[in-house]
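Novice: Next up, input_35.txt (compact mmCIF, C-alpha atoms).
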```
# COMPACT_ATOMS: atom_id res chain seq x y z
CA LYS A 27 4.79 117.90 -12.83
CA LEU A 28 2.43 117.24 -9.92
CA CYS A 29 3.05 113.49 -10.24
CA GLY A 30 6.76 114.25 -10.14
CA TYR A 31 6.36 116.24 -6.94
CA ILE A 32 4.51 113.32 -5.35
CA LEU A 33 7.42 111.02 -6.17
CA MET A 34 9.93 113.59 -4.90
CA LEU A 35 8.16 113.61 -1.53
CA GLN A 36 8.44 109.82 -1.08
CA PRO A 37 11.84 109.83 0.70
CA TYR A 38 10.48 112.35 3.21
CA ILE A 39 7.43 110.37 4.38
CA HIS A 40 7.66 109.60 8.10
CA PHE A 41 7.08 106.03 9.21
CA LYS A 42 3.45 105.34 10.27
CA THR A 43 2.39 109.02 10.48
CA ASN A 44 2.90 109.83 6.76
CA ILE A 45 4.03 113.33 7.78
CA ILE A 46 6.39 114.98 5.27
CA GLY A 47 9.61 115.82 7.06
CA THR A 48 13.33 115.41 7.48
CA GLN A 49 14.78 111.98 8.21
CA GLY A 50 17.30 110.88 10.82
CA ARG A 51 17.41 110.66 14.60
CA SER A 52 15.45 113.88 15.16
CA PRO A 53 13.00 114.14 12.24
CA THR A 54 11.02 117.35 11.91
CA PRO A 55 8.09 118.24 9.61
CA LEU A 56 8.93 120.22 6.48
CA ASP A 57 7.25 123.59 5.94
CA ASP A 58 6.65 125.34 2.61
CA LYS A 59 10.27 126.47 2.36
CA GLY A 60 11.60 123.01 3.12
CA ILE A 61 9.35 121.38 0.53
CA ALA A 62 10.26 124.06 -2.02
CA LYS A 63 13.89 123.03 -1.54
CA VAL A 64 12.96 119.38 -2.14
CA PHE A 65 11.14 120.37 -5.33
CA GLY A 66 13.96 122.67 -6.41
CA ILE A 67 11.60 125.59 -7.06
CA HIS A 68 10.68 128.97 -5.55
CA VAL A 69 8.49 128.92 -2.43
CA LYS A 70 5.69 130.70 -4.30
CA HIS A 71 5.54 127.95 -6.92
CA ALA A 72 5.85 125.27 -4.25
CA ARG A 73 2.81 126.67 -2.46
CA THR A 74 0.83 126.52 -5.70
CA ALA A 75 1.86 122.88 -6.20
CA LEU A 76 1.02 122.02 -2.58
CA SER A 77 -2.39 123.65 -2.94
CA LYS A 78 -3.13 121.55 -6.05
CA LEU A 79 -2.00 118.37 -4.29
CA LYS A 80 -4.36 119.18 -1.42
CA GLU A 81 -7.22 119.82 -3.86
CA ALA A 82 -6.55 116.38 -5.35
CA ASN A 83 -6.64 114.87 -1.82
CA VAL A 84 -3.14 113.44 -2.26
CA LEU A 85 -1.84 115.77 0.42
CA GLU A 86 -3.47 116.62 3.74
CA GLN A 87 -2.68 119.03 6.56
CA THR A 88 -2.84 118.10 10.22
CA ASP A 89 -4.35 120.32 12.91
CA GLU A 90 -0.80 121.50 13.59
CA GLY A 91 -0.41 122.53 9.94
CA HIS A 92 2.01 119.73 9.01
CA TYR A 93 1.81 118.22 5.53
CA ARG A 94 0.86 114.55 5.34
CA ILE A 95 0.49 112.20 2.35
CA ASN A 96 -2.96 110.65 2.14
CA GLU A 97 -2.53 107.00 3.14
CA ARG A 98 -4.91 106.02 0.37
CA TYR A 99 -2.17 106.80 -2.15
CA HIS A 100 1.12 106.19 -0.33
CA PHE A 101 2.19 104.98 3.08
CA ARG A 102 5.28 103.94 4.96
CA LYS A 103 4.52 101.04 7.29
CA LYS A 104 4.13 97.28 7.20
CA ALA A 105 1.87 96.43 4.25
CA GLY A 106 0.59 93.07 5.48
CA GLY A 107 -1.42 91.04 2.98
CA GLU A 108 -1.42 93.90 0.45
CA ALA A 109 2.35 93.77 -0.09
CA ALA A 110 2.24 91.80 -3.34
CA MET A 111 -0.09 94.36 -4.94
CA LEU A 112 2.06 97.38 -4.10
CA VAL A 113 5.04 99.02 -5.76
CA LYS A 114 7.67 99.71 -3.13
CA THR A 115 9.94 102.73 -3.49
CA PHE A 116 13.48 102.62 -2.11
CA HIS A 117 14.09 106.11 -0.82
CA THR A 118 17.89 106.25 -0.73
CA THR A 119 18.32 105.34 -4.40
CA LEU A 120 15.34 107.48 -5.45
CA LYS A 121 16.76 110.51 -3.65
CA ALA A 122 20.12 110.04 -5.38
CA LEU A 123 18.61 110.30 -8.88
CA LYS A 124 18.36 114.14 -8.93
CA LEU A 125 15.48 114.24 -11.41
CA SER A 126 13.42 117.14 -12.66
CA ALA A 127 9.72 117.18 -11.75
CA ALA A 128 8.79 116.21 -15.31
CA GLU A 129 11.19 113.24 -15.34
CA ALA A 130 10.04 112.11 -11.90
CA GLY A 131 6.43 112.46 -13.04
CA PHE A 132 7.06 110.20 -16.02
CA LEU A 133 8.53 107.54 -13.71
CA TYR A 134 5.60 107.90 -11.32
CA LYS A 135 3.11 107.31 -14.13
CA LEU A 136 4.95 104.12 -15.12
CA THR A 137 4.74 102.48 -11.69
CA PRO A 138 1.22 100.97 -12.11
CA PHE A 139 2.57 99.07 -15.12
CA VAL A 140 5.59 97.47 -13.39
CA HIS A 141 5.57 93.70 -13.88
CA TYR A 142 5.69 91.73 -10.65
CA GLU A 143 8.69 89.52 -11.50
CA THR A 144 10.67 91.39 -14.17
CA ASN A 145 10.05 95.13 -13.61
CA LEU A 146 9.24 95.40 -17.31
CA ILE A 147 6.52 97.91 -18.17
CA CYS A 148 3.38 96.10 -19.28
CA ASP A 149 -0.42 96.19 -19.31
CA ASN A 150 -0.92 93.15 -17.06
CA PRO A 151 1.73 93.37 -14.30
CA PHE A 152 0.53 90.30 -12.38
CA GLU A 153 0.53 87.87 -15.31
CA THR A 154 2.72 84.85 -14.48
CA LEU A 155 2.94 83.29 -17.95
CA ALA A 156 5.68 85.03 -19.93
CA GLN A 157 3.97 84.48 -23.28
CA ASP A 158 0.83 86.23 -22.03
CA VAL A 159 2.48 89.39 -20.66
CA ARG A 160 1.46 92.39 -22.77
CA TYR A 161 4.63 94.48 -22.76
CA LEU A 162 4.32 98.17 -23.66
CA ASN A 163 6.58 99.72 -26.28
CA LYS A 164 7.41 103.43 -26.51
CA THR A 165 4.38 104.20 -28.67
CA GLN A 166 2.03 102.49 -26.23
CA VAL A 167 3.72 104.08 -23.20
CA ALA A 168 3.21 107.51 -24.77
CA LYS A 169 -0.53 106.83 -24.96
CA ARG A 170 -0.73 105.56 -21.37
CA VAL A 171 1.26 108.48 -19.96
CA GLY A 172 -0.37 111.11 -22.15
CA ILE A 173 2.64 112.63 -23.92
CA SER A 174 4.08 112.39 -27.43
CA ARG A 175 6.34 109.50 -28.43
CA GLN A 176 9.07 112.03 -29.20
CA LYS A 177 8.84 113.28 -25.61
CA VAL A 178 8.94 109.69 -24.33
CA GLU A 179 12.20 109.10 -26.22
CA GLU A 180 13.68 112.31 -24.80
CA VAL A 181 12.75 111.44 -21.21
CA LEU A 182 13.92 107.84 -21.59
CA ARG A 183 17.38 109.04 -22.64
CA LYS A 184 17.64 111.17 -19.50
CA LEU A 185 16.32 108.46 -17.18
CA LYS A 186 18.67 105.86 -18.68
CA LYS A 187 21.59 108.19 -18.05
CA ALA A 188 20.39 108.68 -14.45
CA GLY A 189 20.18 104.91 -13.91
CA ALA A 190 16.44 104.85 -13.28
CA LEU A 191 15.74 102.37 -16.07
CA VAL A 192 17.14 100.48 -19.05
CA THR A 193 15.62 99.77 -22.44
CA VAL A 194 15.89 96.64 -24.58
CA GLU A 195 14.94 96.02 -28.20
CA ARG A 196 13.13 92.96 -29.48
CA ARG A 197 11.16 91.81 -32.50
CA ALA A 198 7.72 93.38 -32.48
CA MET A 199 4.80 91.05 -31.80
CA ASP A 200 2.37 93.51 -33.39
CA LEU A 201 3.89 94.99 -36.54
CA ASP A 202 1.09 97.56 -36.92
CA ASN A 203 1.98 99.07 -33.53
CA SER A 204 5.75 98.59 -33.57
CA ASP A 205 7.89 101.49 -32.41
CA ASP A 206 9.86 102.32 -35.51
CA GLY A 207 7.96 100.70 -38.36
CA ASP A 208 10.86 98.28 -38.86
CA GLY A 209 9.47 95.39 -36.85
CA ARG A 210 11.27 96.28 -33.62
CA ASP A 211 9.97 97.34 -30.23
CA THR A 212 11.75 99.12 -27.38
CA LEU A 213 10.78 97.77 -23.96
CA ILE A 214 11.38 99.51 -20.63
CA ILE A 215 12.68 97.97 -17.39
CA LEU A 216 12.61 100.04 -14.20
CA ASN A 217 15.52 99.77 -11.78
CA PRO A 218 14.52 97.23 -9.08
CA LYS A 219 16.78 99.09 -6.63
CA ILE A 220 14.31 101.99 -6.89
CA PHE A 221 10.93 100.37 -7.60
CA SER A 222 9.86 96.80 -6.83
CA ARG A 223 6.81 94.66 -6.14
CA LEU A 224 9.03 91.93 -4.67
CA GLN A 225 10.42 91.53 -1.17
CA GLY A 226 14.15 92.04 -1.82
CA ASP A 227 16.34 90.94 -4.76
CA ASP A 228 15.83 87.18 -4.38
CA GLY A 229 12.88 87.00 -6.75
CA TYR A 230 14.57 88.75 -9.67
CA ASP A 231 16.29 86.94 -12.49
CA ALA A 232 20.07 87.45 -12.41
CA THR A 233 19.95 89.07 -15.87
CA ILE A 234 17.67 91.85 -14.56
CA LEU A 235 19.97 92.54 -11.62
CA GLN A 236 23.08 92.55 -13.82
CA MET A 237 21.53 95.22 -16.04
CA PHE A 238 21.64 97.59 -13.09
CA ALA A 239 24.87 96.43 -11.47
CA GLY A 240 27.01 99.40 -10.41
CA ILE A 241 24.19 101.92 -10.89
```
Let's see the structure in the file written out as structure tokens.
Specialist:
Amino acid sequence: KLCGYILMLQPYIHFKTNIIGTQGRSPTPLDDKGIAKVFGIHVKHARTALSKLKEANVLEQTDEGHYRINERYHFRKKAGGEAAMLVKTFHTTLKALKLSAAEAGFLYKLTPFVHYETNLICDNPFETLAQDVRYLNKTQVAKRVGISRQKVEEVLRKLKKAGALVTVERRAMDLDNSDDGDGRDTLIILNPKIFSRLQGDDGYDATILQMFAGI
């Protein structure tokens, strides 16, 4: 769930300062109660989660007591030469998903595997030759994320319904590690309107964009 809470905080990161707070013309830092509301949990449990995030050095506190995301993990400013290596999160669409912490955490754990051009989940996200991309099926994703394949299937159903991703089936390249033992694999594509390594929609194939049209 902690990974889910990190993703839930993304839309509330202030530009340049990384302070967690409200957005708009007069942004203000969020306190424990405000963050508990973002998480959708009791303040007591939110404080426990915040404490663990601070222990992990993901979250910091300023001298004024404001919460701030460690820039080493996430930031909101011009990326410069690092842009191509980063996964960008689009806050408006992310905020509209209304996910549980567990569902958000699953998404968060998938982001390092987002392919640069297709948003497919794979082991080598910067590979440019299509035939050399090592796509991850549900069984392999379960191992990477650290949950059972049954749980992966359950979360995927919920995230598909929410519009966070789509799945496609294809003939398995490795029959010994195929998803269902019938020579088929299920591949995962994250919504490029939520997560992207590209600068805008121009770099995506029209088929990818059409999969998420209207979502």
Novice: Measure the distance from CA of Gly229 (chain A) to CA of Ile95 (chain A) in Å and round it to one decimal.
Specialist: 29.5 Å
Novice: With a distance cut-off of 12 Å and all atoms listed in the file, select the neighbouring residues of Ser77 (chain A), excluding the residue or stretch itself and same-chain residues fewer than 6 positions from it, and output the selection as a list in words.
Specialist: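 Residues meeting the cut-off are Leu28, Asp58, Lys70, His71, Asn83, Val84, Leu85, Glu86, Gln87 and Tyr93 of chain A.
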Novice: Taking all atoms of region 120-133 of chain A that the file lists, what box with edges along x, y and z, padded by 8 Å per side, do you get, with centre and edge lengths in Å to one decimal, as AutoDock Vina command-line options?
Specialist:
```
--center_x 13.3 --center_y 112.3 --center_z -9.8 --size_x 29.7 --size_y 25.7 --size_z 28.4
```
Novice: List the neighbours of region 129-142 of chain A out to 6 Å using only C-alpha atoms; skip same-chain residues closer than 6 positions along the sequence, and give me the result as a list in words.
Specialist: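 The residues that qualify are Lys27, Cys29, Gly30, Cys148, Asp149, Pro151, Phe152 and Arg223 of chain A.
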Novice: Grab the CA of Gln49 (chain A) to CA of Thr74 (chain A) distance for me, in Å with one decimal place.
Specialist: 24.5 Å
Novice: Point out the residue among A:Leu235, A:Ile220, A:Ile32, A:Leu146 with the least atom-to-atom distance to Ile46 (chain A), counting all atoms listed in the file.
Specialist: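 Nearest candidate to Ile46 (chain A) out of A:Leu235, A:Ile220, A:Ile32, A:Leu146: A:Ile32.
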Novice: Any idea what the distance is between CA of His68 (chain A) and CA of His117 (chain A)?
Specialist: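 It comes out at 23.6 Å.
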Novice: Considering only C-alpha atoms, can you say which of A:Leu224, A:Leu123, A:Ala232, A:Val167 comes closest to Lys187 (chain A)?
Specialist: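 Once distances to Lys187 (chain A) are computed over only C-alpha atoms, the minimum belongs to A:Leu123.
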Novice: Looking at A:Val192, A:Leu79, A:Leu35, A:Val159, which one is nearest to Pro218 (chain A), with distances taken over all atoms listed in the file?
Specialist: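 Among A:Val192, A:Leu79, A:Leu35, A:Val159, it is A:Val192 that comes nearest to Pro218 (chain A).
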Novice: Using only C-alpha atoms, which protein or nucleic acid residues come within 6 Å of Gly47 (chain A)? Drop anything in the same chain fewer than 2 positions from it, and give the result as a PyMOL selection string.
Specialist: chain A and resi 38+54-56
Novice: Keeping only C-alpha atoms, write the selected residues to a file as a CSV table (one decimal), in the frame of the given file.
Specialist:
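File produced: result_28.csv:
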```csv
chain,number,residue,atom,x,y,z
A,38,TYR,CA,10.5,112.4,3.2
A,54,THR,CA,11.0,117.4,11.9
A,55,PRO,CA,8.1,118.2,9.6
A,56,LEU,CA,8.9,120.2,6.5
```
Novice: Here is a test: counting all atoms listed in the file, which residue of A:Lys164, A:Lys169, A:Lys63, A:Lys177 is nearest to Ile215 (chain A)?
Specialist: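 Distance minimum relative to Ile215 (chain A) lands on A:Lys164.
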Novice: Point out the residue among A:Gln157, A:Gln36, A:Asn163, A:Thr119 with the least atom-to-atom distance to Gly209 (chain A), counting only C-alpha atoms.
Specialist: A:Asn163
Novice: Which of these, A:Gly240, A:Ala198, A:Ser126, A:Leu155, has the shortest distance to Leu185 (chain A) once you count all atoms listed in the file?
Specialist: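 So, comparing all the options, the nearest one is A:Ser126.
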Novice: Could you name the residues that touch Glu195 (chain A) at 7 Å or less, counting all atoms listed in the file, but leaving out those on the same chain fewer than 2 positions away, as number ranges by chain?
Specialist: A: 193, 210-213
Novice: Could you write out the selected residues, including C-alpha atoms, as a tab-separated table (two decimals), in the coordinates of the input?
Specialist:
```tsv
chain	number	residue	atom	x	y	z
A	193	THR	CA	15.62	99.77	-22.44
A	210	ARG	CA	11.27	96.28	-33.62
A	211	ASP	CA	9.97	97.34	-30.23
A	212	THR	CA	11.75	99.12	-27.38
A	213	LEU	CA	10.78	97.77	-23.96
```
Novice: Excluding Lys184 (chain A) and its own-chain neighbours fewer than 5 positions away, which residues fall within 9 Å of it when counting only C-alpha atoms? Please give them as an MDAnalysis selection string.
Specialist: chainID A and resid 125 129 179 189:190
